[in-house]
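Pasted below: input.pdb, PDB, C-alpha atoms.
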ATOM      1  CA  ASP A 167      38.603 -71.262 147.156
ATOM      2  CA  GLY A 168      36.049 -72.539 144.682
ATOM      3  CA  GLY A 169      34.955 -76.125 144.902
ATOM      4  CA  ILE A 170      32.394 -78.726 145.807
ATOM      5  CA  THR A 171      31.643 -79.651 149.395
ATOM      6  CA  GLN A 172      30.015 -82.934 150.283
ATOM      7  CA  SER A 173      28.835 -83.773 153.767
ATOM      8  CA  PRO A 174      28.965 -85.808 155.795
ATOM      9  CA  LYS A 175      32.094 -87.779 154.935
ATOM     10  CA  TYR A 176      30.629 -90.911 156.547
ATOM     11  CA  LEU A 177      26.966 -91.714 157.050
ATOM     12  CA  PHE A 178      25.158 -94.666 158.571
ATOM     13  CA  ARG A 179      21.616 -95.633 157.749
ATOM     14  CA  LYS A 180      19.274 -97.738 159.800
ATOM     15  CA  GLU A 181      16.760-100.097 158.257
ATOM     16  CA  GLY A 182      13.761 -98.225 156.838
ATOM     17  CA  GLN A 183      15.364 -94.832 157.262
ATOM     18  CA  ASN A 184      15.741 -92.071 154.684
ATOM     19  CA  VAL A 185      19.044 -90.223 154.704
ATOM     20  CA  THR A 186      20.129 -87.096 152.840
ATOM     21  CA  LEU A 187      23.580 -86.412 151.437
ATOM     22  CA  SER A 188      24.545 -82.793 151.001
ATOM     23  CA  CYS A 189      26.335 -81.308 147.997
ATOM     24  CA  GLU A 190      27.157 -77.611 147.704
ATOM     25  CA  GLN A 191      29.218 -75.850 145.032
ATOM     26  CA  ASN A 192      30.484 -72.283 144.756
ATOM     27  CA  LEU A 193      31.786 -72.609 141.200
ATOM     28  CA  ASN A 194      28.674 -71.034 139.681
ATOM     29  CA  HIS A 195      28.168 -74.187 137.643
ATOM     30  CA  ASP A 196      24.818 -74.852 136.023
ATOM     31  CA  ALA A 197      25.002 -78.631 135.956
ATOM     32  CA  MET A 198      25.299 -80.980 138.920
ATOM     33  CA  TYR A 199      25.451 -84.750 139.137
ATOM     34  CA  TRP A 200      25.271 -87.610 141.612
ATOM     35  CA  TYR A 201      27.258 -90.782 141.027
ATOM     36  CA  ARG A 202      27.392 -94.012 142.942
ATOM     37  CA  GLN A 203      30.585 -96.053 143.171
ATOM     38  CA  ASP A 204      30.664 -99.611 144.445
ATOM     39  CA  PRO A 205      33.969-101.225 145.503
ATOM     40  CA  GLY A 206      36.280-101.835 142.553
ATOM     41  CA  GLN A 207      33.771-100.484 140.088
ATOM     42  CA  GLY A 208      33.193 -97.408 137.998
ATOM     43  CA  LEU A 209      30.793 -94.543 138.530
ATOM     44  CA  ARG A 210      27.125 -94.944 137.794
ATOM     45  CA  LEU A 211      24.897 -91.921 137.324
ATOM     46  CA  ILE A 212      21.992 -91.588 139.747
ATOM     47  CA  TYR A 213      20.527 -88.177 138.914
ATOM     48  CA  TYR A 214      21.655 -85.030 137.178
ATOM     49  CA  SER A 215      20.458 -81.474 136.884
ATOM     50  CA  GLN A 216      21.317 -79.116 134.050
ATOM     51  CA  ILE A 217      19.525 -76.119 135.522
ATOM     52  CA  VAL A 218      17.784 -74.987 138.688
ATOM     53  CA  ASN A 219      14.371 -76.563 139.322
ATOM     54  CA  ASP A 220      14.982 -79.282 136.776
ATOM     55  CA  PHE A 221      16.590 -82.703 137.038
ATOM     56  CA  GLN A 222      16.648 -86.010 135.191
ATOM     57  CA  LYS A 223      17.033 -89.619 136.194
ATOM     58  CA  GLY A 224      20.310 -91.285 135.472
ATOM     59  CA  ASP A 225      20.953 -94.984 135.016
ATOM     60  CA  ILE A 226      20.179 -96.104 138.579
ATOM     61  CA  ALA A 227      17.642 -93.618 139.985
ATOM     62  CA  GLU A 228      15.366 -96.126 141.719
ATOM     63  CA  GLY A 229      15.357 -95.628 145.493
ATOM     64  CA  TYR A 230      16.835 -92.142 145.283
ATOM     65  CA  SER A 231      15.407 -88.637 145.070
ATOM     66  CA  VAL A 232      16.907 -85.190 144.510
ATOM     67  CA  SER A 233      15.956 -81.529 144.470
ATOM     68  CA  ARG A 234      17.531 -78.495 142.836
ATOM     69  CA  GLU A 235      15.967 -75.446 144.412
ATOM     70  CA  LYS A 236      19.192 -73.431 144.338
ATOM     71  CA  LYS A 237      21.991 -73.333 141.819
ATOM     72  CA  GLU A 238      24.569 -74.078 144.516
ATOM     73  CA  SER A 239      22.864 -77.073 146.100
ATOM     74  CA  PHE A 240      21.889 -80.549 144.906
ATOM     75  CA  PRO A 241      21.016 -82.817 147.849
ATOM     76  CA  LEU A 242      20.493 -86.536 147.352
ATOM     77  CA  THR A 243      18.060 -88.516 149.494
ATOM     78  CA  VAL A 244      18.567 -92.252 149.778
ATOM     79  CA  THR A 245      15.136 -93.621 150.569
ATOM     80  CA  SER A 246      14.147 -96.817 152.353
ATOM     81  CA  ALA A 247      13.220 -98.182 148.918
ATOM     82  CA  GLN A 248      16.923 -98.438 148.083
ATOM     83  CA  LYS A 249      17.634-101.932 149.372
ATOM     84  CA  ASN A 250      21.384-101.897 148.820
ATOM     85  CA  PRO A 251      22.521 -98.375 149.651
ATOM     86  CA  THR A 252      26.022 -99.157 150.895
ATOM     87  CA  ALA A 253      28.345 -97.375 148.490
ATOM     88  CA  PHE A 254      30.536 -94.329 147.958
ATOM     89  CA  TYR A 255      28.585 -91.365 146.621
ATOM     90  CA  LEU A 256      30.218 -88.659 144.550
ATOM     91  CA  CYS A 257      28.739 -85.305 143.637
ATOM     92  CA  ALA A 258      30.076 -83.400 140.645
ATOM     93  CA  SER A 259      29.419 -80.207 138.732
ATOM     94  CA  SER A 260      30.279 -78.674 135.394
ATOM     95  CA  SER A 261      29.521 -75.723 133.154
ATOM     96  CA  PRO A 262      28.709 -77.376 129.861
ATOM     97  CA  GLY A 263      28.650 -75.100 126.894
ATOM     98  CA  GLN A 264      30.844 -72.498 128.560
ATOM     99  CA  GLY A 265      33.976 -73.536 126.779
ATOM    100  CA  ALA A 266      36.051 -76.652 126.472
ATOM    101  CA  LYS A 267      37.833 -76.169 129.770
ATOM    102  CA  ASN A 268      34.517 -76.251 131.588
ATOM    103  CA  GLU A 269      33.375 -79.500 130.092
ATOM    104  CA  LYS A 270      35.277 -81.454 132.703
ATOM    105  CA  LEU A 271      33.637 -82.602 135.904
ATOM    106  CA  PHE A 272      34.636 -81.108 139.227
ATOM    107  CA  PHE A 273      34.160 -83.616 142.024
ATOM    108  CA  GLY A 274      33.510 -83.416 145.714
ATOM    109  CA  SER A 275      35.400 -85.635 148.150
ATOM    110  CA  GLY A 276      32.523 -88.085 148.491
ATOM    111  CA  THR A 277      30.294 -89.599 151.162
ATOM    112  CA  GLN A 278      30.614 -93.206 152.276
ATOM    113  CA  LEU A 279      27.170 -94.551 153.166
ATOM    114  CA  SER A 280      26.862 -97.742 155.173
ATOM    115  CA  VAL A 281      23.894 -99.656 156.520
ATOM    116  CA  LEU A 282      23.741-100.449 160.244
TER
ATOM    117  CA  ALA B 100      23.333 -95.470 124.696
ATOM    118  CA  GLN B 101      26.998 -94.719 124.927
ATOM    119  CA  THR B 102      29.260 -97.294 126.527
ATOM    120  CA  VAL B 103      32.835 -97.058 127.707
ATOM    121  CA  THR B 104      34.987-100.161 128.072
ATOM    122  CA  GLN B 105      38.254-100.491 129.955
ATOM    123  CA  SER B 106      39.469-103.992 129.274
ATOM    124  CA  GLN B 107      42.305-104.007 131.826
ATOM    125  CA  PRO B 108      41.004-104.243 135.411
ATOM    126  CA  GLU B 109      44.570-104.103 136.738
ATOM    127  CA  MET B 110      47.931-102.999 135.409
ATOM    128  CA  SER B 111      51.339-102.669 136.958
ATOM    129  CA  VAL B 112      54.432-100.759 135.955
ATOM    130  CA  GLN B 113      57.938-100.390 137.241
ATOM    131  CA  GLU B 114      58.854 -96.949 138.517
ATOM    132  CA  ALA B 115      60.299 -94.766 135.719
ATOM    133  CA  GLU B 116      58.855 -97.050 133.029
ATOM    134  CA  THR B 117      55.997 -96.346 130.635
ATOM    135  CA  VAL B 118      52.522 -97.862 130.795
ATOM    136  CA  THR B 119      49.493 -97.612 128.528
ATOM    137  CA  LEU B 120      45.913 -97.963 129.733
ATOM    138  CA  SER B 121      43.267 -98.900 127.177
ATOM    139  CA  CYS B 122      39.808 -97.485 126.629
ATOM    140  CA  THR B 123      37.260 -98.015 123.892
ATOM    141  CA  TYR B 124      33.858 -96.411 123.552
ATOM    142  CA  ASP B 125      30.770 -96.731 121.459
ATOM    143  CA  THR B 126      28.925 -93.732 120.055
ATOM    144  CA  SER B 127      27.190 -92.545 116.913
ATOM    145  CA  GLU B 128      27.968 -88.896 117.682
ATOM    146  CA  SER B 129      30.808 -86.882 116.191
ATOM    147  CA  ASP B 130      31.181 -84.005 118.654
ATOM    148  CA  TYR B 131      32.116 -85.199 122.105
ATOM    149  CA  TYR B 132      34.790 -85.120 124.757
ATOM    150  CA  LEU B 133      36.896 -87.883 126.237
ATOM    151  CA  PHE B 134      38.539 -87.754 129.630
ATOM    152  CA  TRP B 135      40.860 -89.698 131.855
ATOM    153  CA  TYR B 136      40.258 -89.245 135.574
ATOM    154  CA  LYS B 137      42.480 -90.477 138.377
ATOM    155  CA  GLN B 138      41.142 -91.704 141.717
ATOM    156  CA  PRO B 139      43.952 -92.105 144.285
ATOM    157  CA  PRO B 140      43.419 -93.834 147.649
ATOM    158  CA  SER B 141      41.942 -90.581 148.987
ATOM    159  CA  ARG B 142      39.079 -91.250 146.533
ATOM    160  CA  GLN B 143      39.066 -87.646 145.280
ATOM    161  CA  MET B 144      38.577 -87.779 141.515
ATOM    162  CA  ILE B 145      41.077 -85.692 139.589
ATOM    163  CA  LEU B 146      41.106 -84.869 135.897
ATOM    164  CA  VAL B 147      44.249 -86.174 134.206
ATOM    165  CA  ILE B 148      43.720 -85.254 130.589
ATOM    166  CA  ARG B 149      40.977 -84.260 128.150
ATOM    167  CA  GLN B 150      40.543 -84.743 124.405
ATOM    168  CA  GLU B 151      38.050 -82.985 122.154
ATOM    169  CA  ALA B 152      36.823 -85.307 119.435
ATOM    170  CA  TYR B 153      37.057 -82.738 116.647
ATOM    171  CA  LYS B 154      40.740 -82.174 117.348
ATOM    172  CA  GLN B 155      42.991 -84.630 115.574
ATOM    173  CA  GLN B 156      46.049 -83.787 117.623
ATOM    174  CA  ASN B 157      46.521 -86.015 120.638
ATOM    175  CA  ALA B 158      46.355 -84.224 123.991
ATOM    176  CA  THR B 159      49.420 -84.102 126.214
ATOM    177  CA  GLU B 160      49.826 -83.030 129.831
ATOM    178  CA  ASN B 161      53.389 -83.369 131.064
ATOM    179  CA  ARG B 162      54.018 -87.133 131.489
ATOM    180  CA  PHE B 163      50.502 -88.031 130.378
ATOM    181  CA  SER B 164      49.470 -88.354 126.757
ATOM    182  CA  VAL B 165      46.678 -89.995 124.845
ATOM    183  CA  ASN B 166      46.422 -91.953 121.644
ATOM    184  CA  PHE B 167      43.058 -90.959 120.212
ATOM    185  CA  GLN B 168      41.867 -93.051 117.286
ATOM    186  CA  LYS B 169      38.443 -91.638 116.391
ATOM    187  CA  ALA B 170      37.583 -94.130 113.675
ATOM    188  CA  ALA B 171      38.488 -97.034 115.930
ATOM    189  CA  LYS B 172      36.768 -95.347 118.917
ATOM    190  CA  SER B 173      39.859 -95.878 121.002
ATOM    191  CA  PHE B 174      41.305 -93.543 123.618
ATOM    192  CA  SER B 175      44.341 -94.925 125.436
ATOM    193  CA  LEU B 176      46.351 -93.172 128.139
ATOM    194  CA  LYS B 177      50.132 -93.345 128.197
ATOM    195  CA  ILE B 178      51.991 -92.535 131.390
ATOM    196  CA  SER B 179      55.695 -91.947 130.900
ATOM    197  CA  ASP B 180      58.358 -92.040 133.608
ATOM    198  CA  SER B 181      55.879 -93.568 136.049
ATOM    199  CA  GLN B 182      56.064 -92.360 139.623
ATOM    200  CA  LEU B 183      54.867 -93.905 142.868
ATOM    201  CA  GLY B 184      52.249 -91.145 143.087
ATOM    202  CA  ASP B 185      50.692 -92.354 139.859
ATOM    203  CA  ALA B 186      49.330 -95.409 141.653
ATOM    204  CA  ALA B 187      45.562 -95.049 141.525
ATOM    205  CA  MET B 188      42.430 -96.172 139.783
ATOM    206  CA  TYR B 189      42.070 -94.583 136.361
ATOM    207  CA  PHE B 190      38.717 -94.014 134.711
ATOM    208  CA  CYS B 191      38.018 -93.271 131.100
ATOM    209  CA  ALA B 192      34.926 -91.117 130.504
ATOM    210  CA  TYR B 193      32.883 -90.005 127.509
ATOM    211  CA  ARG B 194      30.762 -86.894 127.379
ATOM    212  CA  LEU B 195      28.659 -85.217 124.742
ATOM    213  CA  ARG B 196      28.786 -81.444 124.694
ATOM    214  CA  ALA B 197      26.474 -80.268 127.504
ATOM    215  CA  GLY B 198      25.581 -83.842 128.264
ATOM    216  CA  LYS B 199      26.095 -86.387 130.984
ATOM    217  CA  SER B 200      29.329 -88.327 131.366
ATOM    218  CA  THR B 201      29.611 -92.098 131.047
ATOM    219  CA  PHE B 202      32.464 -93.825 132.843
ATOM    220  CA  GLY B 203      34.296 -97.071 132.301
ATOM    221  CA  ASP B 204      34.792 -99.543 135.140
ATOM    222  CA  GLY B 205      38.324 -98.359 135.792
ATOM    223  CA  THR B 206      41.863 -99.739 135.722
ATOM    224  CA  THR B 207      43.818-100.080 138.933
ATOM    225  CA  LEU B 208      47.428 -99.084 138.339
ATOM    226  CA  THR B 209      50.152-100.332 140.650
ATOM    227  CA  VAL B 210      53.596 -98.727 140.488
ATOM    228  CA  LYS B 211      56.446-100.930 141.705
ATOM    229  CA  PRO B 212      59.534 -99.265 143.199
TER
END

Rewritten as structure tokens:
Amino acid sequence: DGGITQSPKYLFRKEGQNVTLSCEQNLNHDAMYWYRQDPGQGLRLIYYSQIVNDFQKGDIAEGYSVSREKKESFPLTVTSAQKNPTAFYLCASSSPGQGAKNEKLFFGSGTQLSVL
Amino acid sequence: AQTVTQSQPEMSVQEAETVTLSCTYDTSESDYYLFWYKQPPSRQMILVIRQEAYKQQNATENRFSVNFQKAAKSFSLKISDSQLGDAAMYFCAYRLRAGKSTFGDGTTLTVKP
């Protein structure tokens, strides 16, 4: 089954700690994205990557970092500089330019990050 | 920058009735895509329907249809014969070809039995 796997489902961060959220896809998609969702709100883009070894900041990149060393993987690190990290994090992928049906986003099941 | 506005934070509908969710967007582009995504209590985002801006015909997927008014930059979602399983948060999204998606703040839909 093709899809996007996010882990862990729940994650707790201590003060001053960096934590990394995993996102893996086996859809052979070029583009991957990280979104943050706060309660009752929409999705805000943190970082995105259109191709391996390249990524761009989204609207709320401060306090976060990413890497894209492999096509299948796009991990997100929430650093200690992110003072309000409690949120639901969604990873997504797409194959833009490969046809209209691939323009949609495929989402993982999300990671809920909370601060201890 | 593109913006997407959903002016109805909450909507409710009686089971088997029809409901329309509103969405407006701002862009200077002409070739783009519009989407409605559903987020049920499980929080897994699911695509409901997609519209390509260069197509004048409104998209339809079973009980879901859109009213796409390109000049007015409006993209509303109509749900016919509402079912209890339709209860969810619905997000409108805008995307340029091979670009990033911008989401609205969502509309929470309640379906009353």

Test item: the PyMOL selection byres ((chain B) within 9 of (chain A)) resolved as a PyMOL selection string:
chain B and resi 108+132+134+141-146+149+151+188+190+194+196-205+207

Atomic separation - atom CA of Tyr189 of chain B relative to atom CA of Glu160 of chain B, Å:
15.4 Å

Excluding same-chain residues fewer than 6 positions from Glu190 of chain A, what lies within 7 Å of it counting all atoms listed in the file, as a VMD selection string?
chain A and resid 170 to 172 238 to 240

Write the selection just made, keeping C-alpha atoms, as a JSON list (two decimals), in the frame of the given file?
[["chain", "number", "residue", "atom", "x", "y", "z"],
["A", 170, "ILE", "CA", 32.39, -78.73, 145.81],
["A", 171, "THR", "CA", 31.64, -79.65, 149.40],
["A", 172, "GLN", "CA", 30.02, -82.93, 150.28],
["A", 238, "GLU", "CA", 24.57, -74.08, 144.52],
["A", 239, "SER", "CA", 22.86, -77.07, 146.10],
["A", 240, "PHE", "CA", 21.89, -80.55, 144.91]]

Residues within 6 Å of segment 103-105 of chain B, all atoms listed in the file, excluding chain neighbours under 6 positions, as a PyMOL selection string:
chain B and resi 121-124+203

I need the output of the PyMOL selection byres ((chain B and resi 113) around 12) for this file as a list in words; which residues are they?
Met110, Ser111, Val112, Glu114, Ala115, Glu116, Thr117, Val118, Ile178, Ser179, Asp180, Ser181, Gln182, Leu183, Asp185, Ala186, Leu208, Thr209, Val210, Lys211 and Pro212 of chain B

Let me know the residues the PyMOL selection byres ((chain A and resi 242) around 6) catches in the file above, as a compact mmCIF listing (two decimals) with C-alpha atoms, in the frame of the given file.
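Just written: result-v9.txt:
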# COMPACT_ATOMS: atom_id res chain seq x y z
CA THR A 186 20.13 -87.10 152.84
CA LEU A 187 23.58 -86.41 151.44
CA SER A 231 15.41 -88.64 145.07
CA VAL A 232 16.91 -85.19 144.51
CA PRO A 241 21.02 -82.82 147.85
CA THR A 243 18.06 -88.52 149.49

Give me, please, the distance in Å between atom CA of Gly229 of chain A and atom CA of Ser173 of chain A, quoted to one decimal.
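Spanning atom CA of Gly229 of chain A to atom CA of Ser173 of chain A is a straight-line distance of 19.8 Å.
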
Using all atoms listed in the file for the distances, tell me which of A:Arg234, A:Gln222, A:Gly168, A:Ser280 is nearest to Asn192 of chain A.
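With all atoms listed in the file as the atom set, the closest residue is A:Gly168.
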
Quote the spacing between atom CA of Pro205 of chain A and atom CA of Val281 of chain A in Å to one decimal place.
15.0 Å

Every residue with an atom at most 10 Å from (41.8, -88.9, 130.1) (file coordinates; all atoms listed in the file) is what I'm after, so could you write them as number ranges by chain?
B: 120, 122, 132-137, 146-150, 158-160, 163-165, 174-177, 189-193

Neighbour residues at most 10 Å from (24.2, -97.5, 116.8) (only C-alpha atoms) as a PyMOL selection string:
chain B and resi 100-101+125-128

Of the candidates A:Ala227, A:Lys175, A:Asp204, A:Ser233, which one gets nearest to Ala253 of chain A if we count only C-alpha atoms?
A:Asp204

Give the answer as one residue: which of A:Thr245, A:Asn219, A:Pro251, A:Lys237 has the shortest atom-to-atom distance to Asn194 of chain A, using all atoms listed in the file?
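Selected residue with least distance to Asn194 of chain A: A:Lys237.
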